[in-house]
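Just coords_38.cif here, mmCIF, C-alpha atoms:
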```cif
data_entry
loop_
_atom_site.group_PDB
_atom_site.id
_atom_site.type_symbol
_atom_site.label_atom_id
_atom_site.label_comp_id
_atom_site.auth_asym_id
_atom_site.auth_seq_id
_atom_site.Cartn_x
_atom_site.Cartn_y
_atom_site.Cartn_z
ATOM 1 C CA MET A 1 -19.742 -25.494 -13.138
ATOM 2 C CA GLN A 2 -19.187 -27.826 -10.239
ATOM 3 C CA SER A 3 -16.976 -26.608 -7.424
ATOM 4 C CA GLU A 4 -14.681 -29.596 -8.022
ATOM 5 C CA PHE A 5 -13.676 -27.923 -11.253
ATOM 6 C CA GLU A 6 -11.936 -25.109 -9.368
ATOM 7 C CA ILE A 7 -8.710 -27.031 -9.811
ATOM 8 C CA LEU A 8 -9.158 -26.837 -13.591
ATOM 9 C CA SER A 9 -9.509 -23.079 -13.355
ATOM 10 C CA ALA A 10 -6.199 -22.932 -11.462
ATOM 11 C CA LEU A 11 -4.623 -25.281 -13.986
ATOM 12 C CA VAL A 12 -5.432 -23.064 -16.984
ATOM 13 C CA ASP A 13 -3.860 -20.149 -15.101
ATOM 14 C CA GLY A 14 -0.620 -22.081 -14.714
ATOM 15 C CA GLU A 15 -0.949 -22.343 -10.957
ATOM 16 C CA PRO A 16 0.456 -25.393 -9.156
ATOM 17 C CA VAL A 17 -2.172 -28.081 -8.576
ATOM 18 C CA ASP A 18 -2.237 -31.419 -6.805
ATOM 19 C CA PRO A 19 -1.771 -34.115 -9.495
ATOM 20 C CA ALA A 20 -3.822 -36.697 -7.613
ATOM 21 C CA GLU A 21 -6.751 -34.321 -7.263
ATOM 22 C CA LEU A 22 -6.400 -33.302 -10.905
ATOM 23 C CA ASP A 23 -6.497 -36.936 -11.958
ATOM 24 C CA ARG A 24 -9.661 -37.471 -9.935
ATOM 25 C CA VAL A 25 -11.405 -34.366 -11.274
ATOM 26 C CA LEU A 26 -10.507 -35.064 -14.882
ATOM 27 C CA ALA A 27 -12.393 -38.367 -14.571
ATOM 28 C CA LEU A 28 -15.624 -36.533 -13.642
ATOM 29 C CA PRO A 29 -18.337 -36.126 -16.260
ATOM 30 C CA GLY A 30 -18.078 -32.760 -17.990
ATOM 31 C CA ALA A 31 -14.481 -32.172 -16.944
ATOM 32 C CA ARG A 32 -13.117 -32.152 -20.467
ATOM 33 C CA ARG A 33 -15.755 -29.712 -21.704
ATOM 34 C CA THR A 34 -15.213 -27.467 -18.679
ATOM 35 C CA LEU A 35 -11.461 -27.427 -19.205
ATOM 36 C CA VAL A 36 -11.932 -26.306 -22.797
ATOM 37 C CA GLU A 37 -14.386 -23.575 -21.776
ATOM 38 C CA LEU A 38 -12.070 -22.307 -19.055
ATOM 39 C CA ALA A 39 -9.169 -22.167 -21.487
ATOM 40 C CA ASP A 40 -11.303 -20.246 -23.961
ATOM 41 C CA LEU A 41 -12.413 -17.767 -21.325
ATOM 42 C CA ARG A 42 -8.834 -17.231 -20.214
ATOM 43 C CA ARG A 43 -7.697 -16.622 -23.776
ATOM 44 C CA THR A 44 -10.452 -14.066 -24.270
ATOM 45 C CA PHE A 45 -9.374 -11.874 -21.368
ATOM 46 C CA ALA A 46 -5.649 -12.448 -21.759
ATOM 47 C CA ALA A 47 -5.997 -11.058 -25.277
ATOM 48 C CA ASP A 48 -6.875 -7.630 -23.904
ATOM 49 C CA ARG A 49 -4.716 -5.246 -25.906
ATOM 50 C CA ALA A 50 -6.287 -1.974 -24.886
ATOM 51 C CA LEU A 51 -3.762 0.836 -25.147
ATOM 52 C CA PRO A 52 -3.577 4.343 -23.733
ATOM 53 C CA ARG A 53 -3.325 7.286 -26.104
ATOM 54 C CA PRO A 54 -0.191 7.170 -28.253
ATOM 55 C CA ASP A 55 1.541 10.056 -26.484
ATOM 56 C CA PHE A 56 0.798 8.743 -22.994
ATOM 57 C CA ALA A 57 4.203 7.179 -22.314
ATOM 58 C CA ASP A 58 6.045 10.217 -23.678
ATOM 59 C CA ARG A 59 4.016 12.474 -21.407
ATOM 60 C CA VAL A 60 4.567 10.393 -18.282
ATOM 61 C CA ARG A 61 8.240 9.392 -18.554
ATOM 62 C CA PRO A 62 9.665 12.907 -17.927
ATOM 63 C CA THR A 63 7.621 13.184 -14.735
ATOM 64 C CA LEU A 64 9.174 10.042 -13.290
ATOM 65 C CA ALA A 65 12.717 11.314 -12.752
ATOM 66 C CA PRO A 66 13.482 11.399 -9.021
ATOM 67 C CA PRO A 67 13.873 14.988 -7.742
ATOM 68 C CA GLY A 68 17.597 14.546 -7.080
ATOM 69 C CA SER A 69 18.381 13.402 -10.583
ATOM 70 C CA ARG A 70 16.532 15.992 -12.614
ATOM 71 C CA SER A 71 18.461 17.896 -15.258
ATOM 72 C CA PHE A 72 19.392 21.539 -14.822
ATOM 73 C CA GLY A 73 16.647 22.502 -17.197
ATOM 74 C CA GLU A 74 14.012 20.948 -14.942
ATOM 75 C CA SER A 75 15.331 22.559 -11.744
ATOM 76 C CA GLY A 76 14.702 26.310 -11.674
ATOM 77 C CA TRP A 77 16.354 26.805 -8.311
ATOM 78 C CA ARG A 78 19.627 25.433 -9.600
ATOM 79 C CA TRP A 79 19.694 28.052 -12.313
ATOM 80 C CA ALA A 80 19.154 30.761 -9.709
ATOM 81 C CA VAL A 81 22.106 29.478 -7.662
ATOM 82 C CA ILE A 82 24.280 29.240 -10.748
ATOM 83 C CA ALA A 83 23.390 32.771 -11.815
ATOM 84 C CA ALA A 84 24.158 34.190 -8.366
ATOM 85 C CA ALA A 85 27.506 32.381 -8.225
ATOM 86 C CA ALA A 86 28.397 33.643 -11.680
ATOM 87 C CA MET A 87 27.683 37.240 -10.684
ATOM 88 C CA VAL A 88 29.853 36.977 -7.566
ATOM 89 C CA ALA A 89 32.692 35.427 -9.559
ATOM 90 C CA LEU A 90 32.415 38.124 -12.189
ATOM 91 C CA ALA A 91 32.547 40.869 -9.591
ATOM 92 C CA LEU A 92 35.656 39.372 -7.986
ATOM 93 C CA LEU A 93 37.510 38.756 -11.227
ATOM 94 C CA LEU A 94 36.816 42.009 -13.090
ATOM 95 C CA PRO A 95 40.005 43.985 -14.055
ATOM 96 C CA PRO A 96 40.293 47.315 -12.251
ATOM 97 C CA TRP A 97 39.630 49.437 -15.322
ATOM 98 C CA LEU A 98 36.342 47.626 -15.881
ATOM 99 C CA ALA A 99 35.325 47.732 -12.258
ATOM 100 C CA PRO A 100 32.801 50.415 -11.369
ATOM 101 C CA ALA A 101 34.389 53.731 -10.182
ATOM 102 C CA PRO A 102 34.373 54.256 -6.413
ATOM 103 C CA ALA A 103 31.952 56.784 -5.005
ATOM 104 C CA ASP A 104 33.134 60.477 -4.840
ATOM 105 C CA PRO A 105 34.926 61.462 -1.572
ATOM 106 C CA PRO A 106 33.042 63.762 0.796
ATOM 107 C CA PRO A 107 33.619 67.539 0.307
ATOM 108 C CA PRO A 108 36.255 69.280 2.525
ATOM 109 C CA PRO A 109 35.038 71.392 5.454
ATOM 110 C CA PRO A 110 34.667 75.143 4.595
ATOM 111 C CA ASP A 111 37.654 77.355 5.461
ATOM 112 C CA ARG A 112 35.793 80.745 5.175
ATOM 113 C CA VAL A 113 32.216 81.974 5.307
ATOM 114 C CA LEU A 114 30.705 84.731 3.196
ATOM 115 C CA ARG A 115 27.652 86.383 4.681
ATOM 116 C CA PHE A 116 25.041 88.316 2.717
ATOM 117 C CA ASP A 117 23.939 91.589 4.401
ATOM 118 C CA PRO A 118 20.791 93.010 2.719
ATOM 119 C CA ASP A 119 21.191 96.461 4.299
ATOM 120 C CA LEU A 120 24.602 97.122 2.804
ATOM 121 C CA GLU A 121 24.649 99.467 -0.187
ATOM 122 C CA TRP A 122 27.183 97.588 -2.200
ATOM 123 C CA THR A 123 26.913 99.861 -5.299
ATOM 124 C CA ALA A 124 28.174 102.941 -3.351
ATOM 125 C CA SER A 125 31.843 103.515 -3.661
ATOM 126 C CA MET B 1 21.480 -6.288 -13.425
ATOM 127 C CA LYS B 2 22.381 -3.164 -11.509
ATOM 128 C CA VAL B 3 20.002 -0.357 -12.320
ATOM 129 C CA MET B 4 21.224 3.203 -12.358
ATOM 130 C CA PRO B 5 19.550 5.405 -9.789
ATOM 131 C CA GLY B 6 17.014 7.557 -11.577
ATOM 132 C CA ALA B 7 16.583 5.098 -14.434
ATOM 133 C CA ALA B 8 14.622 2.617 -12.320
ATOM 134 C CA PRO B 9 11.232 4.381 -12.364
ATOM 135 C CA THR B 10 11.328 4.684 -16.135
ATOM 136 C CA LEU B 11 12.253 1.028 -16.558
ATOM 137 C CA LEU B 12 9.516 0.101 -14.129
ATOM 138 C CA PHE B 13 7.073 2.188 -16.144
ATOM 139 C CA ASP B 14 8.136 0.641 -19.448
ATOM 140 C CA ARG B 15 7.741 -2.874 -18.086
ATOM 141 C CA HIS B 16 4.460 -2.584 -16.245
ATOM 142 C CA HIS B 17 2.431 0.416 -17.341
ATOM 143 C CA LEU B 18 0.313 -1.420 -19.921
ATOM 144 C CA ALA B 19 -0.776 -4.106 -17.464
ATOM 145 C CA ILE B 20 -1.575 -1.453 -14.871
ATOM 146 C CA TYR B 21 -3.426 0.635 -17.453
ATOM 147 C CA ARG B 22 -5.542 -2.302 -18.642
ATOM 148 C CA PHE B 23 -6.405 -3.274 -15.094
ATOM 149 C CA LEU B 24 -7.444 0.293 -14.315
ATOM 150 C CA LEU B 25 -9.319 0.648 -17.601
ATOM 151 C CA ARG B 26 -11.353 -2.513 -17.013
ATOM 152 C CA SER B 27 -11.939 -1.467 -13.406
ATOM 153 C CA THR B 28 -13.100 2.083 -14.135
ATOM 154 C CA GLY B 29 -14.354 1.827 -17.690
ATOM 155 C CA GLU B 30 -12.880 5.282 -18.319
ATOM 156 C CA PRO B 31 -9.740 5.557 -20.494
ATOM 157 C CA GLU B 32 -8.776 9.034 -19.307
ATOM 158 C CA THR B 33 -9.229 8.086 -15.669
ATOM 159 C CA ALA B 34 -7.197 4.942 -16.275
ATOM 160 C CA GLU B 35 -4.378 7.043 -17.742
ATOM 161 C CA ASP B 36 -4.445 9.501 -14.852
ATOM 162 C CA LEU B 37 -4.428 6.720 -12.275
ATOM 163 C CA THR B 38 -1.664 4.859 -14.103
ATOM 164 C CA GLN B 39 0.491 7.966 -14.000
ATOM 165 C CA GLU B 40 -0.280 8.407 -10.307
ATOM 166 C CA VAL B 41 0.746 4.798 -9.609
ATOM 167 C CA PHE B 42 4.191 5.421 -11.055
ATOM 168 C CA LEU B 43 4.576 8.836 -9.455
ATOM 169 C CA ARG B 44 3.948 7.166 -6.122
ATOM 170 C CA ALA B 45 6.512 4.559 -7.036
ATOM 171 C CA VAL B 46 9.061 7.324 -7.625
ATOM 172 C CA ARG B 47 8.271 8.992 -4.329
ATOM 173 C CA SER B 48 8.007 5.837 -2.257
ATOM 174 C CA ALA B 49 10.543 3.434 -3.618
ATOM 175 C CA PRO B 50 13.010 4.699 -6.213
ATOM 176 C CA GLU B 51 14.890 1.415 -6.148
ATOM 177 C CA LEU B 52 11.770 -0.697 -6.571
ATOM 178 C CA ASP B 53 12.805 -1.915 -9.988
ATOM 179 C CA GLY B 54 15.191 -4.465 -8.565
ATOM 180 C CA ASP B 55 12.510 -5.855 -6.271
ATOM 181 C CA PRO B 56 10.837 -9.051 -7.522
ATOM 182 C CA GLY B 57 7.639 -7.903 -5.802
ATOM 183 C CA ALA B 58 7.550 -4.637 -7.740
ATOM 184 C CA ARG B 59 4.630 -5.641 -9.941
ATOM 185 C CA ALA B 60 2.486 -6.696 -6.996
ATOM 186 C CA TRP B 61 3.454 -3.477 -5.223
ATOM 187 C CA LEU B 62 2.316 -1.413 -8.218
ATOM 188 C CA PHE B 63 -1.010 -3.243 -8.386
ATOM 189 C CA ARG B 64 -1.525 -2.685 -4.688
ATOM 190 C CA VAL B 65 -1.047 1.045 -5.240
ATOM 191 C CA ALA B 66 -3.441 0.902 -8.190
ATOM 192 C CA ARG B 67 -5.999 -0.897 -6.057
ATOM 193 C CA ASN B 68 -5.656 1.698 -3.301
ATOM 194 C CA LEU B 69 -6.176 4.482 -5.812
ATOM 195 C CA LEU B 70 -9.362 2.793 -7.023
ATOM 196 C CA ILE B 71 -10.601 2.495 -3.460
ATOM 197 C CA ASP B 72 -9.819 6.187 -2.809
ATOM 198 C CA ARG B 73 -11.579 7.140 -6.005
ATOM 199 C CA ALA B 74 -14.654 5.094 -5.134
ATOM 200 C CA ARG B 75 -14.767 6.673 -1.690
ATOM 201 C CA ARG B 76 -14.447 10.152 -3.110
ATOM 202 C CA SER B 77 -17.205 9.653 -5.607
ATOM 203 C CA GLU B 78 -19.243 7.711 -3.024
ATOM 204 C CA ARG B 79 -19.985 4.987 -5.445
ATOM 205 C CA ARG B 80 -18.579 1.700 -6.511
ATOM 206 C CA PRO B 81 -16.447 1.354 -9.630
ATOM 207 C CA PRO B 82 -18.931 2.126 -12.367
ATOM 208 C CA SER B 83 -20.625 -0.691 -14.138
ATOM 209 C CA ARG B 84 -22.534 1.308 -16.695
ATOM 210 C CA SER B 85 -19.466 3.079 -18.056
ATOM 211 C CA LEU B 86 -17.780 -0.263 -18.569
ATOM 212 C CA GLU B 87 -20.326 -0.846 -21.267
ATOM 213 C CA THR B 88 -19.594 2.386 -23.042
ATOM 214 C CA ALA B 89 -15.842 2.695 -22.621
ATOM 215 C CA PRO B 90 -14.192 3.318 -25.969
ATOM 216 C CA ASP B 91 -11.730 0.585 -26.686
ATOM 217 C CA HIS B 92 -10.000 0.311 -29.993
ATOM 218 C CA ALA B 93 -7.627 -2.530 -29.319
ATOM 219 C CA THR B 94 -9.526 -5.430 -27.793
ATOM 220 C CA PRO B 95 -9.904 -8.234 -30.269
ATOM 221 C CA GLY B 96 -13.314 -9.401 -31.340
ATOM 222 C CA SER B 97 -16.370 -7.668 -32.599
ATOM 223 C CA ALA B 98 -17.889 -4.674 -30.887
ATOM 224 C CA GLY B 99 -20.795 -6.879 -29.855
ATOM 225 C CA LEU B 100 -18.550 -9.424 -28.149
ATOM 226 C CA ARG B 101 -16.598 -6.667 -26.436
ATOM 227 C CA LEU B 102 -19.777 -5.163 -25.126
ATOM 228 C CA GLU B 103 -20.931 -8.532 -23.814
ATOM 229 C CA LEU B 104 -17.599 -9.076 -22.069
ATOM 230 C CA GLU B 105 -17.797 -5.685 -20.448
ATOM 231 C CA ARG B 106 -21.357 -6.270 -19.327
ATOM 232 C CA ALA B 107 -20.381 -9.655 -17.940
ATOM 233 C CA LEU B 108 -17.485 -8.092 -16.025
ATOM 234 C CA ALA B 109 -19.723 -5.362 -14.691
ATOM 235 C CA ALA B 110 -22.131 -7.986 -13.349
ATOM 236 C CA LEU B 111 -19.447 -9.591 -11.163
ATOM 237 C CA ASP B 112 -19.156 -9.098 -7.446
ATOM 238 C CA PRO B 113 -16.711 -6.152 -7.083
ATOM 239 C CA THR B 114 -14.136 -8.137 -5.136
ATOM 240 C CA ASP B 115 -14.358 -11.063 -7.531
ATOM 241 C CA ARG B 116 -13.957 -8.659 -10.442
ATOM 242 C CA GLU B 117 -10.924 -6.998 -8.857
ATOM 243 C CA VAL B 118 -9.221 -10.329 -8.218
ATOM 244 C CA PHE B 119 -10.156 -11.642 -11.658
ATOM 245 C CA LEU B 120 -8.828 -8.562 -13.460
ATOM 246 C CA MET B 121 -5.564 -8.552 -11.519
ATOM 247 C CA SER B 122 -4.998 -12.126 -12.561
ATOM 248 C CA GLN B 123 -6.380 -12.249 -16.084
ATOM 249 C CA VAL B 124 -5.709 -8.736 -17.358
ATOM 250 C CA GLY B 125 -2.828 -7.749 -15.076
ATOM 251 C CA GLY B 126 -1.104 -11.104 -15.349
ATOM 252 C CA LEU B 127 -0.471 -11.516 -11.625
ATOM 253 C CA SER B 128 -0.102 -14.956 -10.075
ATOM 254 C CA TYR B 129 -2.571 -16.041 -7.421
ATOM 255 C CA ALA B 130 0.095 -15.418 -4.779
ATOM 256 C CA GLU B 131 0.676 -11.883 -6.080
ATOM 257 C CA VAL B 132 -3.056 -11.162 -6.148
ATOM 258 C CA ALA B 133 -3.294 -12.468 -2.598
ATOM 259 C CA GLU B 134 -0.466 -10.164 -1.569
ATOM 260 C CA CYS B 135 -2.185 -7.183 -3.187
ATOM 261 C CA THR B 136 -5.581 -7.844 -1.698
ATOM 262 C CA GLY B 137 -4.507 -9.092 1.709
ATOM 263 C CA SER B 138 -6.133 -12.476 1.255
ATOM 264 C CA SER B 139 -4.887 -16.028 0.759
ATOM 265 C CA ALA B 140 -3.977 -17.712 -2.509
ATOM 266 C CA ALA B 141 -6.742 -20.253 -1.838
ATOM 267 C CA ALA B 142 -9.291 -17.461 -1.528
ATOM 268 C CA VAL B 143 -8.023 -15.936 -4.752
ATOM 269 C CA ARG B 144 -8.357 -19.289 -6.507
ATOM 270 C CA SER B 145 -11.961 -19.599 -5.324
ATOM 271 C CA ARG B 146 -12.829 -16.044 -6.332
ATOM 272 C CA ILE B 147 -11.374 -16.453 -9.798
ATOM 273 C CA PHE B 148 -13.260 -19.689 -10.314
ATOM 274 C CA ARG B 149 -16.482 -18.055 -9.101
ATOM 275 C CA ALA B 150 -15.917 -15.118 -11.438
ATOM 276 C CA ARG B 151 -15.417 -17.499 -14.343
ATOM 277 C CA CYS B 152 -18.611 -19.377 -13.534
ATOM 278 C CA ARG B 153 -20.523 -16.103 -13.489
ATOM 279 C CA LEU B 154 -18.893 -14.851 -16.671
ATOM 280 C CA ARG B 155 -19.666 -18.097 -18.450
ATOM 281 C CA GLN B 156 -23.259 -17.912 -17.252
ATOM 282 C CA THR B 157 -23.656 -14.305 -18.406
ATOM 283 C CA LEU B 158 -21.961 -14.874 -21.732
ATOM 284 C CA SER B 159 -24.004 -18.042 -22.371
ATOM 285 C CA GLY B 160 -27.141 -16.017 -21.782
ATOM 286 C CA ALA B 161 -25.893 -13.411 -24.218
ATOM 287 C CA ASP B 162 -25.154 -16.134 -26.766
ATOM 288 C CA SER B 163 -28.646 -17.585 -26.486
ATOM 289 C CA ARG B 164 -30.185 -14.104 -26.749
ATOM 290 C CA GLY B 165 -28.057 -13.324 -29.763
ATOM 291 C CA GLY B 166 -28.826 -16.630 -31.417
ATOM 292 C CA GLY B 167 -32.516 -16.764 -30.676
#
```

Show me this structure written as structure tokens.
Amino acid sequence: MQSEFEILSALVDGEPVDPAELDRVLALPGARRTLVELADLRRTFAADRALPRPDFADRVRPTLAPPGSRSFGESGWRWAVIAAAAMVALALLLPPWLAPAPADPPPPPPDRVLRFDPDLEWTAS
Amino acid sequence: MKVMPGAAPTLLFDRHHLAIYRFLLRSTGEPETAEDLTQEVFLRAVRSAPELDGDPGARAWLFRVARNLLIDRARRSERRPPSRSLETAPDHATPGSAGLRLELERALAALDPTDREVFLMSQVGGLSYAEVAECTGSSAAAVRSRIFRARCRLRQTLSGADSRGGG
């Protein structure tokens, strides 16, 4: 193809062209045939209908949610925070009879001491 | 229309993923790679520009990311986008006979890589010359010349295929 026909290539792509130049080029020998061939070539590639696998979009869409807008189910750390908050609330709101018993108080100090003397004959009266 | 935050990336994906996928498929010749790269394009869109959907330049932006991913991939594999695999890429949805499809893929593979990139962005991706120029960092006039040159080469290759097939 002649380089003058570049304008025809742009024309079939819907790009703006200079009408005066287009008029001049269309008068050149072979212009009509070239225009038809260019249109045919464009149609061939524009008809590309290749598709990804059927589940592609369903696989990708869930990954596109911005981190700040993900649901609770997608954010493990949120569940951890919620669980911790629930445990604290439960501990604070439990009625006394369901609350765990306090630890036993410490034993009192001894008030007497019994000593064991091995030399004493304790069976003798 | 005001787009809800968080919905934008999905809308962007729904509107543009097929064009991006086809561009990447015709550039790599590998459907699985094209899917992976398409997903990466939109993940980058989420990370980089959550509100991109309202931007009229969103499509060009996505193609620029796709182009950068192709360049990274070519650098990593230390080779140009494959030409041989273009001939063998399974493709169940392009119209025409298997023979014609094969000839088209061979003709594409024979193009200068930059011409092919520009041509595919325009013809398969549907970008305007100005958008292609924005993606590739060139001028619209250069894009126009490259697309015309690609068409001349494609016509030459396909004419040769026709004469071989007919004779």

Hits of the PyMOL selection byres ((chain A and resi 12-17) around 9) in this structure, as a list in words: Ile7, Leu8, Ser9, Ala10, Leu11, Asp18, Pro19, Ala20, Glu21, Leu22, Leu35, Leu38, Ala39 and Arg42 of chain A; Ser122, Gln123, Ser128 and Tyr129 of chain B

Store the residues picked out above, limited to C-alpha atoms, as a CSV table (one decimal), keeping the file's coordinate frame.
```
chain,number,residue,atom,x,y,z
A,7,ILE,CA,-8.7,-27.0,-9.8
A,8,LEU,CA,-9.2,-26.8,-13.6
A,9,SER,CA,-9.5,-23.1,-13.4
A,10,ALA,CA,-6.2,-22.9,-11.5
A,11,LEU,CA,-4.6,-25.3,-14.0
A,18,ASP,CA,-2.2,-31.4,-6.8
A,19,PRO,CA,-1.8,-34.1,-9.5
A,20,ALA,CA,-3.8,-36.7,-7.6
A,21,GLU,CA,-6.8,-34.3,-7.3
A,22,LEU,CA,-6.4,-33.3,-10.9
A,35,LEU,CA,-11.5,-27.4,-19.2
A,38,LEU,CA,-12.1,-22.3,-19.1
A,39,ALA,CA,-9.2,-22.2,-21.5
A,42,ARG,CA,-8.8,-17.2,-20.2
B,122,SER,CA,-5.0,-12.1,-12.6
B,123,GLN,CA,-6.4,-12.2,-16.1
B,128,SER,CA,-0.1,-15.0,-10.1
B,129,TYR,CA,-2.6,-16.0,-7.4
```

Do you know which residues the PyMOL selection byres ((chain A) within 8 of (chain B)) returns on this file, as an MDAnalysis selection string? chainID A and resid 1 6 9:10 15 38 41:42 45:52 56 60:61 63:66 69

Using all atoms listed in the file for the distances, tell me which of B:Ser159, B:Ala150, B:Arg75, B:Glu134 is nearest to Leu100 in chain B. B:Ser159

Residue neighbourhood Thr136 in chain B, 10 Å, only C-alpha atoms, exclusion window fewer than 4 positions, as number ranges by chain: B: 60, 63-64, 67-68, 114, 117-118, 121, 130-132, 143

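Atom to atom, CA of Val41 in chain B and CA of Leu62 in chain B stand 6.6 Å apart.
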
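Interatomic distance, CA of Glu37 in chain A against CA of Gln2 in chain A: 13.2 Å.
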
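Interatomic distance, CA of Asp72 in chain B to CA of Thr28 in chain B: 12.5 Å.
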